[in-house]
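S.K.: Below: one structure in structure tokens.
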Amino acid sequence: MKKKEKTLIMFIGKTHCGKTTCAKELEKKVKGFVALEADPIAIFMKKEFPILRQNDDKKIYSGADNKNSLKFRTFLLFLDFALFLGKPILLSNANLYSNGRKTIIKLCKKYNYKVVGVYFDFPEEILFERAKSSERNKDVLRVVKDFKDLITIQRDRLEIPKRSEFNEFFVVKSLLEVQKLQKLLVKKLK
């Protein structure tokens, strides 16, 4: 009998594109996979470590947007343990930066995981509309006042993923495509 391939599914996209909602739907349909998200880490860090240091007028937050941030290093610690367990994994955080994705993929290779990328490429108008009616916890916000501002900032920060980064890669541009993709992902996570 062929050994099942270990799989990590990485969602990529701006805030309010449906990454967490899709992950929650998959959790209802598939048992036994690990779902990781950075928002709970961000909330904890905002409360416990709000500012790492301050230089002149610039505040350096613990959730800074680079691979050396405390938030990212904490996330990698959880991910490393989940990979060690050998279960299927779903990452539903934004994964906007190519360096962060490369770090995660390198760690996955250490554990012989196949990495499936899913890029949620929704028009910003849809994201702004979803952000208006959002009940999402604003405690995850560090340097902006609302999710609309975050979407605007992410426009400049997003490094669009390339098919070559992943073993498999999908782009979804509508809710209908998300529903179709969910069926495929259920098979990969089982």
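The way I read the labels, and the way they are meant: chains A, B, ... in the order of the structure tokens, residue 1 as the first residue of every chain, and ligand 1 as the first ligand shown, with later ones counted on from there.
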Show which residues sit within 12 Å of Leu107 in chain A, as number ranges by chain. Count only C-alpha atoms, and ignore same-chain residues fewer than 2 positions away.
M.R.: A: 8, 76-84, 100-105, 109-115
S.K.: Using DSSP on the backbone, list every residue of range 146-187 of chain A that comes out as alpha helix (DSSP H), and give them as a PyMOL selection string.
M.R.: chain A and resi 147-157+175-187
S.K.: Would you list the contacts of Val34 in chain A as a list in words, taking every protein, DNA or RNA residue within 7 Å and counting only C-alpha atoms, but skipping same-chain residues closer than 6 positions in sequence?
M.R.: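 Surrounding residues, per the criterion: Ala82, Lys87, Pro88, Ile89 and Leu90 of chain A.
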S.K.: Do you know which residues are at most 7 Å from Asp121 in chain A counting only C-alpha atoms, after dropping those on the same chain fewer than 6 positions away, and could you put them as a list in words?
M.R.: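 Result of the neighbour search: Gly13, Val171, Val172 and Lys173 of chain A.
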S.K.: Save the residues we just selected, N, CA and C atoms, as a PDB file, in the first residue's frame?
M.R.:
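Output contents, as saved in part_39.pdb:
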```pdb
ATOM      1  N   GLY A  13      -3.497  35.676   0.527  1.00  0.00           N
ATOM      2  CA  GLY A  13      -4.437  36.711   0.107  1.00  0.00           C
ATOM      3  C   GLY A  13      -4.592  37.797   1.143  1.00  0.00           C
ATOM      4  N   VAL A 171      -5.515  29.512  -8.189  1.00  0.00           N
ATOM      5  CA  VAL A 171      -5.936  30.893  -8.021  1.00  0.00           C
ATOM      6  C   VAL A 171      -7.457  30.890  -8.004  1.00  0.00           C
ATOM      7  N   VAL A 172      -8.041  31.524  -6.985  1.00  0.00           N
ATOM      8  CA  VAL A 172      -9.497  31.643  -6.915  1.00  0.00           C
ATOM      9  C   VAL A 172      -9.869  33.117  -6.985  1.00  0.00           C
ATOM     10  N   LYS A 173     -10.866  33.414  -7.823  1.00  0.00           N
ATOM     11  CA  LYS A 173     -11.255  34.806  -8.050  1.00  0.00           C
ATOM     12  C   LYS A 173     -12.720  35.073  -7.743  1.00  0.00           C
TER      13      LYS A 173
END
```
S.K.: Glu129 in chain A: which residues within 10 Å, counting only C-alpha atoms, same-chain residues fewer than 5 positions away excluded, as a ChimeraX atom specification?
M.R.: /A:16,124,134,148
S.K.: Filtering to N, CA and C atoms, could you give me those residues as a tab-separated table (two decimals), in the first residue's frame?
M.R.:
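Contents of out-v4.tsv, as written:
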```tsv
chain	number	residue	atom	x	y	z
A	16	HIS	N	-9.87	39.67	4.53
A	16	HIS	CA	-11.28	39.58	4.15
A	16	HIS	C	-11.52	38.96	2.77
A	124	GLU	N	-10.56	44.32	-4.91
A	124	GLU	CA	-10.58	45.06	-3.65
A	124	GLU	C	-11.96	45.57	-3.28
A	134	SER	N	-17.79	43.26	8.67
A	134	SER	CA	-17.01	42.25	9.40
A	134	SER	C	-17.23	42.32	10.91
A	148	LYS	N	-10.18	48.37	6.31
A	148	LYS	CA	-10.09	49.06	5.01
A	148	LYS	C	-8.68	49.59	4.81
```
S.K.: Could you work out how far CA of Val186 in chain A lies from CA of Tyr119 in chain A, giving the answer in Å with one decimal?
M.R.: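 We find that CA of Tyr119 in chain A and CA of Val186 in chain A lie 16.9 Å from each other.
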S.K.: Considering only C-alpha atoms, return as a PyMOL selection string whatever protein or nucleic-acid residues lie within 9 Å of Ile151 in chain A, sequence-local ones (same chain, fewer than 2 positions apart) excluded.
M.R.: chain A and resi 14-16+124+127-128+131+147-149+153-155
S.K.: For the atom pair CA of Phe44 in chain A and CA of Leu26 in chain A, what is the interatomic distance in Å to one decimal place?
M.R.: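 Rounded to one decimal, the two atoms are 25.1 Å apart.
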S.K.: For Ala94 in chain A, which of A:Glu25, A:Asp146, A:Glu48, A:Glu37 is the closest residue, counting only C-alpha atoms?
M.R.: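 Among A:Glu25, A:Asp146, A:Glu48, A:Glu37, it is A:Glu37 that comes nearest to Ala94 in chain A.
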S.K.: With only C-alpha atoms as the counted atoms, please give the residues lying no more than 10 Å from Lys188 in chain A, apart from itself and same-chain residues fewer than 5 positions off, as a PDB file with N, CA and C atoms, in the first residue's frame.
M.R.:
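Done, and the output landed in result_18.pdb:
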```pdb
ATOM      1  N   LYS A   4       0.600   7.638   2.218  1.00  0.00           N
ATOM      2  CA  LYS A   4      -0.057   8.907   1.879  1.00  0.00           C
ATOM      3  C   LYS A   4       0.945  10.050   1.933  1.00  0.00           C
ATOM      4  N   GLU A   5       0.877  10.899   0.933  1.00  0.00           N
ATOM      5  CA  GLU A   5       1.763  12.057   0.848  1.00  0.00           C
ATOM      6  C   GLU A   5       1.377  13.092   1.909  1.00  0.00           C
ATOM      7  N   LYS A   6       2.382  13.636   2.606  1.00  0.00           N
ATOM      8  CA  LYS A   6       2.110  14.684   3.600  1.00  0.00           C
ATOM      9  C   LYS A   6       1.919  16.003   2.848  1.00  0.00           C
ATOM     10  N   THR A   7       0.849  16.722   3.213  1.00  0.00           N
ATOM     11  CA  THR A   7       0.473  17.932   2.482  1.00  0.00           C
ATOM     12  C   THR A   7       0.271  19.113   3.414  1.00  0.00           C
ATOM     13  N   LEU A   8       0.794  20.257   2.981  1.00  0.00           N
ATOM     14  CA  LEU A   8       0.514  21.538   3.628  1.00  0.00           C
ATOM     15  C   LEU A   8      -0.160  22.415   2.582  1.00  0.00           C
ATOM     16  N   ILE A   9      -1.298  22.971   2.947  1.00  0.00           N
ATOM     17  CA  ILE A   9      -2.012  23.893   2.060  1.00  0.00           C
ATOM     18  C   ILE A   9      -1.823  25.296   2.610  1.00  0.00           C
ATOM     19  N   VAL A  30     -13.510  17.864   7.225  1.00  0.00           N
ATOM     20  CA  VAL A  30     -12.351  16.982   7.357  1.00  0.00           C
ATOM     21  C   VAL A  30     -11.850  17.024   8.798  1.00  0.00           C
ATOM     22  N   PRO A  88      -1.762  16.418   7.983  1.00  0.00           N
ATOM     23  CA  PRO A  88      -2.036  17.437   6.974  1.00  0.00           C
ATOM     24  C   PRO A  88      -2.200  18.796   7.665  1.00  0.00           C
ATOM     25  N   VAL A 116       0.855  23.009  -1.278  1.00  0.00           N
ATOM     26  CA  VAL A 116      -0.174  23.449  -2.217  1.00  0.00           C
ATOM     27  C   VAL A 116      -0.480  24.912  -1.904  1.00  0.00           C
ATOM     28  N   GLN A 182     -12.803  23.903  -2.513  1.00  0.00           N
ATOM     29  CA  GLN A 182     -12.986  23.218  -1.227  1.00  0.00           C
ATOM     30  C   GLN A 182     -13.143  21.715  -1.420  1.00  0.00           C
ATOM     31  N   LYS A 183     -13.881  21.319  -2.435  1.00  0.00           N
ATOM     32  CA  LYS A 183     -14.077  19.890  -2.701  1.00  0.00           C
ATOM     33  C   LYS A 183     -12.746  19.206  -2.997  1.00  0.00           C
TER      34      LYS A 183
END
```
S.K.: For Pro161 in chain A, which residue out of A:Tyr97, A:Met45, A:Leu175, A:Cys17 is the nearest one, using only C-alpha atoms?
M.R.: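 Ranking A:Tyr97, A:Met45, A:Leu175, A:Cys17 by distance to Pro161 in chain A, first place goes to A:Tyr97.
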S.K.: Between A:Lys46, A:Lys187, A:Arg130, A:Lys31, which residue has the minimum interatomic distance to Gly18 in chain A, considering only C-alpha atoms?
M.R.: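 When distances to Gly18 in chain A are compared using only C-alpha atoms, the smallest one comes from A:Arg130.
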S.K.: For Lys162 in chain A, which of A:Val178, A:Leu70, A:Leu150, A:Ile12 is the closest residue, counting only C-alpha atoms?
M.R.: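 Looking at the shortest contact to Lys162 in chain A, the residue is A:Ile12.
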S.K.: Considering only C-alpha atoms, state which residue in the set A:Leu181, A:Arg163, A:Leu96, A:Ser174 is at the smallest distance from Pro123 in chain A.
M.R.: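 Of A:Leu181, A:Arg163, A:Leu96, A:Ser174, the one nearest Pro123 in chain A is A:Ser174, counting only C-alpha atoms.
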S.K.: Using only C-alpha atoms, which residue out of A:Leu85, A:Ala23, A:Ile43, A:Leu158 lies closest to Leu189 in chain A?
M.R.: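 Smallest distance to Leu189 in chain A is found for A:Ala23.
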